[in-house]
Amino acid sequence: MRPDTPADHIAEAERLLRTAEQYPEDAEPLLLQAAAHLELAGERGRASTLYDRLLASEHPEHPQLVKALQAANLWEYGHEAEARALINGIRTAAPTEAAPWEIVAETLENHDELEASHECFSTALSILLTEGEEDVPYATRSLLSGRHRVRRLLGLPHDEWDSLADRVHSGHTPDVSLDELHDPKRLWALGSDNPAELKAEIARLRSELGSYRSALSRPFPVAVLHWPEAELDELLGAYPQLESEYPTHRAHLTDIEASLRDLSATGTENLGIVTATVPSYEAFAASEQSSPANADLLPQYATTLAARGRAVAWPPSKSAACWCGSGRTYGECHGVAELSRASPDA
């Protein structure tokens, strides 16, 4: 059952903090989850301490994401000047991941800074999307939707990105259009005594609720396990029983892309890839009181890594580095239409 009360959120945060001590290699995503629960519990000061702890660490994995979360948190409990300074720094750094941009843009939107929010959404999309790209990565869709929402609030006409946002939305929630969901006049309907208007608003709210429930039901990506070539060689050298799972490294890479495309084709969203290492896998097997040679452990290991925040979203943008580590862009490597042209071993 998901936490519901402040006490539940604090208890979950404490559990995550203990897990971070147990798995220091996964400390950053676990501490970020703990900070989120502390915010929901109203413990914004404690959450801020966790963000500061991550930023003070030697090599934070996602410093711009941590700064964005810290900025949003600080602004909510009265530290606007410090929050603005962090936001300006993030905008200058121009991160190439969607999450920091989304948090910053929505923070500005929530505080009625609509023009600045629109500029953040637009800048992010110009960095993350290739012109003419229709296959929008999962993490980037919310930027399109957020920009669409802010433009409606500003009364701006539709442009190409708004049209793309409409197409992405209609492909997953066809019952109610994005224009309806983002109609600034919707609040008026809540005070209406017109049954038709109230019925239409109930339909819109149900559509939104369905999207939120879908996201909440899958708090971490459905992830596929990726073994880098050196790690796979070490794994098979130690546990040759797994050779039937991984006949060659090239076949392994091709299977990853094929599996993710199959999942996507069946409507599964929020997909990802987790990178495996032999020591981590052996530790997981020991915790399950099983042998690493047991192939049934592999999907469980992938799910565990995803739950600890280790998944990288799939598919990446066509212009982003390919997940396989080949050094080429995804569009040039595993992002090609034909899997037969997938990359050689990375």
# chains A, B, ... in the order shown; residues from 1 in each chain; ligands from 1
>>> closest_atom_pairs(of="range 207-312 of chain A", to="range 8-21 of chain A", cutoff="12 Å", atoms="only C-alpha atoms", output="Markdown table")
| residue | atom | partner | partner_atom | distance |
| --- | --- | --- | --- | --- |
| A:Ala307 | CA | A:Leu16 | CA | 11.2 |
| A:Arg308 | CA | A:Ala20 | CA | 9.1 |
| A:Gly309 | CA | A:Ala20 | CA | 11.3 |
>>> write_last_selection(atoms="C-alpha atoms", output="PDB file, in the first residue's frame")
ATOM      1  CA  ALA A 307      13.429  -0.170  -8.042  1.00  0.00           C
ATOM      2  CA  ARG A 308      16.669   1.264  -6.668  1.00  0.00           C
ATOM      3  CA  GLY A 309      16.640   3.948  -9.358  1.00  0.00           C
TER       4      GLY A 309
END
>>> closest_residue(among="A:Ser244, A:Ala238, A:Ala313, A:Ala283", to="Val222 in chain A", atoms="only C-alpha atoms")
A:Ala313
>>> closest_residue(among="A:Ala293, A:Ile256, A:Val274, A:Ala81", to="Val312 in chain A", atoms="only C-alpha atoms")
A:Val274
>>> atom_distance(atom1="CA of Ala124 in chain A", atom2="CA of Asn110 in chain A")
17.9 Å
>>> atom_distance(atom1="CA of His111 in chain A", atom2="CA of Ser170 in chain A")
28.8 Å
>>> residues_around(residues="range 39-51 of chain A", least_positions_apart="5", cutoff="9 Å", atoms="only C-alpha atoms", output="short mmCIF file (atom, residue, chain, number, x, y, z; two decimals) with C-alpha atoms, in the first residue's frame")
data_model
loop_
_atom_site.label_atom_id
_atom_site.label_comp_id
_atom_site.auth_asym_id
_atom_site.auth_seq_id
_atom_site.Cartn_x
_atom_site.Cartn_y
_atom_site.Cartn_z
CA THR A 5 -0.32 10.09 5.84
CA PRO A 6 2.67 12.19 6.94
CA ALA A 7 3.66 9.42 9.35
CA ASP A 8 3.54 6.87 6.51
CA HIS A 9 5.77 9.08 4.35
CA ILE A 10 8.27 9.56 7.17
CA LEU A 31 18.09 9.47 -1.07
CA LEU A 32 16.11 11.34 -3.72
CA ALA A 34 13.54 9.59 0.67
CA ALA A 56 28.24 17.90 -1.33
CA VAL A 66 19.26 17.40 -7.41
CA LYS A 67 19.56 21.18 -7.78
CA LEU A 69 14.52 19.36 -6.68
CA GLN A 70 16.26 21.50 -4.08
CA ASN A 73 11.63 22.48 -2.27
CA LEU A 74 13.28 25.70 -1.09
CA GLU A 76 7.89 26.07 -1.22
CA TYR A 77 9.11 26.91 2.25
#
>>> atom_distance(atom1="CA of Ala295 in chain A", atom2="CA of Glu243 in chain A")
9.9 Å
>>> select_by_dssp(residues="range 32-277 of chain A", states="strand (DSSP E or B)", output="PyMOL selection string")
chain A and resi 222-226+271-275
>>> write_last_selection(atoms="N, CA, C and O atoms", output="short mmCIF file (atom, residue, chain, number, x, y, z; two decimals), in the first residue's frame")
data_model
loop_
_atom_site.label_atom_id
_atom_site.label_comp_id
_atom_site.auth_asym_id
_atom_site.auth_seq_id
_atom_site.Cartn_x
_atom_site.Cartn_y
_atom_site.Cartn_z
N VAL A 222 9.77 -0.51 -16.34
CA VAL A 222 9.92 -1.92 -16.68
C VAL A 222 11.27 -2.02 -17.37
O VAL A 222 11.47 -1.46 -18.44
N ALA A 223 12.22 -2.71 -16.73
CA ALA A 223 13.61 -2.62 -17.18
C ALA A 223 14.13 -3.95 -17.71
O ALA A 223 13.77 -5.03 -17.22
N VAL A 224 15.00 -3.83 -18.69
CA VAL A 224 15.70 -4.97 -19.28
C VAL A 224 17.17 -4.89 -18.88
O VAL A 224 17.75 -3.80 -18.83
N LEU A 225 17.75 -6.05 -18.61
CA LEU A 225 19.13 -6.11 -18.10
C LEU A 225 20.14 -6.00 -19.24
O LEU A 225 20.02 -6.67 -20.26
N HIS A 226 21.13 -5.13 -19.04
CA HIS A 226 22.21 -4.96 -20.02
C HIS A 226 23.55 -5.29 -19.37
O HIS A 226 23.93 -4.70 -18.36
N LEU A 271 9.63 2.44 -20.04
CA LEU A 271 10.58 1.35 -20.21
C LEU A 271 12.00 1.83 -19.91
O LEU A 271 12.30 3.03 -20.04
N GLY A 272 12.87 0.91 -19.54
CA GLY A 272 14.23 1.32 -19.23
C GLY A 272 15.22 0.17 -19.36
O GLY A 272 14.85 -0.98 -19.60
N ILE A 273 16.49 0.53 -19.20
CA ILE A 273 17.59 -0.43 -19.25
C ILE A 273 18.42 -0.26 -17.99
O ILE A 273 18.73 0.87 -17.59
N VAL A 274 18.75 -1.38 -17.34
CA VAL A 274 19.62 -1.33 -16.17
C VAL A 274 20.92 -2.05 -16.50
O VAL A 274 20.92 -3.11 -17.13
N THR A 275 22.03 -1.46 -16.10
CA THR A 275 23.35 -2.04 -16.38
C THR A 275 23.77 -2.94 -15.24
O THR A 275 23.76 -2.54 -14.07
#
>>> residues_around(residues="Leu297 in chain A", least_positions_apart="6", cutoff="12 Å", atoms="only C-alpha atoms", output="VMD selection string")
chain A and resid 225 242 245 281 to 291 303 to 304
>>> closest_residue(among="A:Tyr246, A:Tyr301, A:Phe121, A:Tyr23", to="Pro100 in chain A", atoms="only C-alpha atoms")
A:Phe121
>>> residues_around(residues="Arg91 in chain A", least_positions_apart="3", cutoff="9 Å", atoms="only C-alpha atoms", output="short mmCIF file (atom, residue, chain, number, x, y, z; two decimals) with all heavy atoms, in the first residue's frame")
data_model
loop_
_atom_site.label_atom_id
_atom_site.label_comp_id
_atom_site.auth_asym_id
_atom_site.auth_seq_id
_atom_site.Cartn_x
_atom_site.Cartn_y
_atom_site.Cartn_z
N LEU A 86 19.47 28.81 -7.86
CA LEU A 86 19.66 27.45 -8.35
C LEU A 86 19.04 27.28 -9.74
O LEU A 86 19.64 26.67 -10.63
CB LEU A 86 19.03 26.45 -7.38
CG LEU A 86 19.80 26.19 -6.07
CD1 LEU A 86 18.93 25.40 -5.10
CD2 LEU A 86 21.10 25.44 -6.35
N ILE A 87 17.86 27.84 -9.93
CA ILE A 87 17.18 27.73 -11.23
C ILE A 87 18.00 28.40 -12.32
O ILE A 87 18.16 27.86 -13.43
CB ILE A 87 15.76 28.32 -11.14
CG1 ILE A 87 14.87 27.37 -10.33
CG2 ILE A 87 15.17 28.56 -12.53
CD1 ILE A 87 13.50 27.94 -10.00
N ASN A 88 18.52 29.58 -12.04
CA ASN A 88 19.35 30.28 -13.03
C ASN A 88 20.58 29.46 -13.39
O ASN A 88 21.00 29.41 -14.55
CB ASN A 88 19.75 31.66 -12.51
CG ASN A 88 18.57 32.61 -12.44
OD1 ASN A 88 17.58 32.45 -13.15
ND2 ASN A 88 18.67 33.63 -11.59
N ALA A 94 22.18 24.11 -18.95
CA ALA A 94 21.46 23.48 -20.06
C ALA A 94 21.61 21.96 -20.06
O ALA A 94 22.20 21.38 -20.97
CB ALA A 94 21.92 24.06 -21.39
N PRO A 95 21.10 21.27 -19.04
CA PRO A 95 21.25 19.81 -18.97
C PRO A 95 20.60 19.11 -20.16
O PRO A 95 19.66 19.63 -20.77
CB PRO A 95 20.55 19.44 -17.66
CG PRO A 95 19.63 20.58 -17.37
CD PRO A 95 20.30 21.79 -17.92
N TRP A 101 14.71 20.03 -16.28
CA TRP A 101 13.94 21.06 -16.99
C TRP A 101 12.47 21.03 -16.56
O TRP A 101 11.85 22.08 -16.35
CB TRP A 101 14.05 20.84 -18.50
CG TRP A 101 15.35 21.22 -19.10
CD1 TRP A 101 16.29 20.38 -19.63
CD2 TRP A 101 15.87 22.54 -19.28
NE1 TRP A 101 17.36 21.09 -20.11
CE2 TRP A 101 17.13 22.42 -19.91
CE3 TRP A 101 15.40 23.82 -18.96
CZ2 TRP A 101 17.92 23.53 -20.24
CZ3 TRP A 101 16.17 24.93 -19.27
CH2 TRP A 101 17.42 24.77 -19.90
N VAL A 104 12.07 22.50 -12.99
CA VAL A 104 12.27 23.95 -12.98
C VAL A 104 11.09 24.66 -13.64
O VAL A 104 10.56 25.64 -13.10
CB VAL A 104 13.60 24.30 -13.71
CG1 VAL A 104 13.65 25.77 -14.05
CG2 VAL A 104 14.79 23.91 -12.83
N CYS A 120 11.60 27.88 -20.34
CA CYS A 120 12.30 26.67 -19.89
C CYS A 120 11.83 25.44 -20.67
O CYS A 120 12.65 24.63 -21.14
CB CYS A 120 12.07 26.45 -18.40
SG CYS A 120 13.14 27.44 -17.34
N THR A 123 13.22 25.72 -24.27
CA THR A 123 14.66 25.48 -24.33
C THR A 123 14.96 23.99 -24.18
O THR A 123 15.78 23.43 -24.91
CB THR A 123 15.39 26.27 -23.24
OG1 THR A 123 15.12 27.66 -23.40
CG2 THR A 123 16.89 26.04 -23.31
#
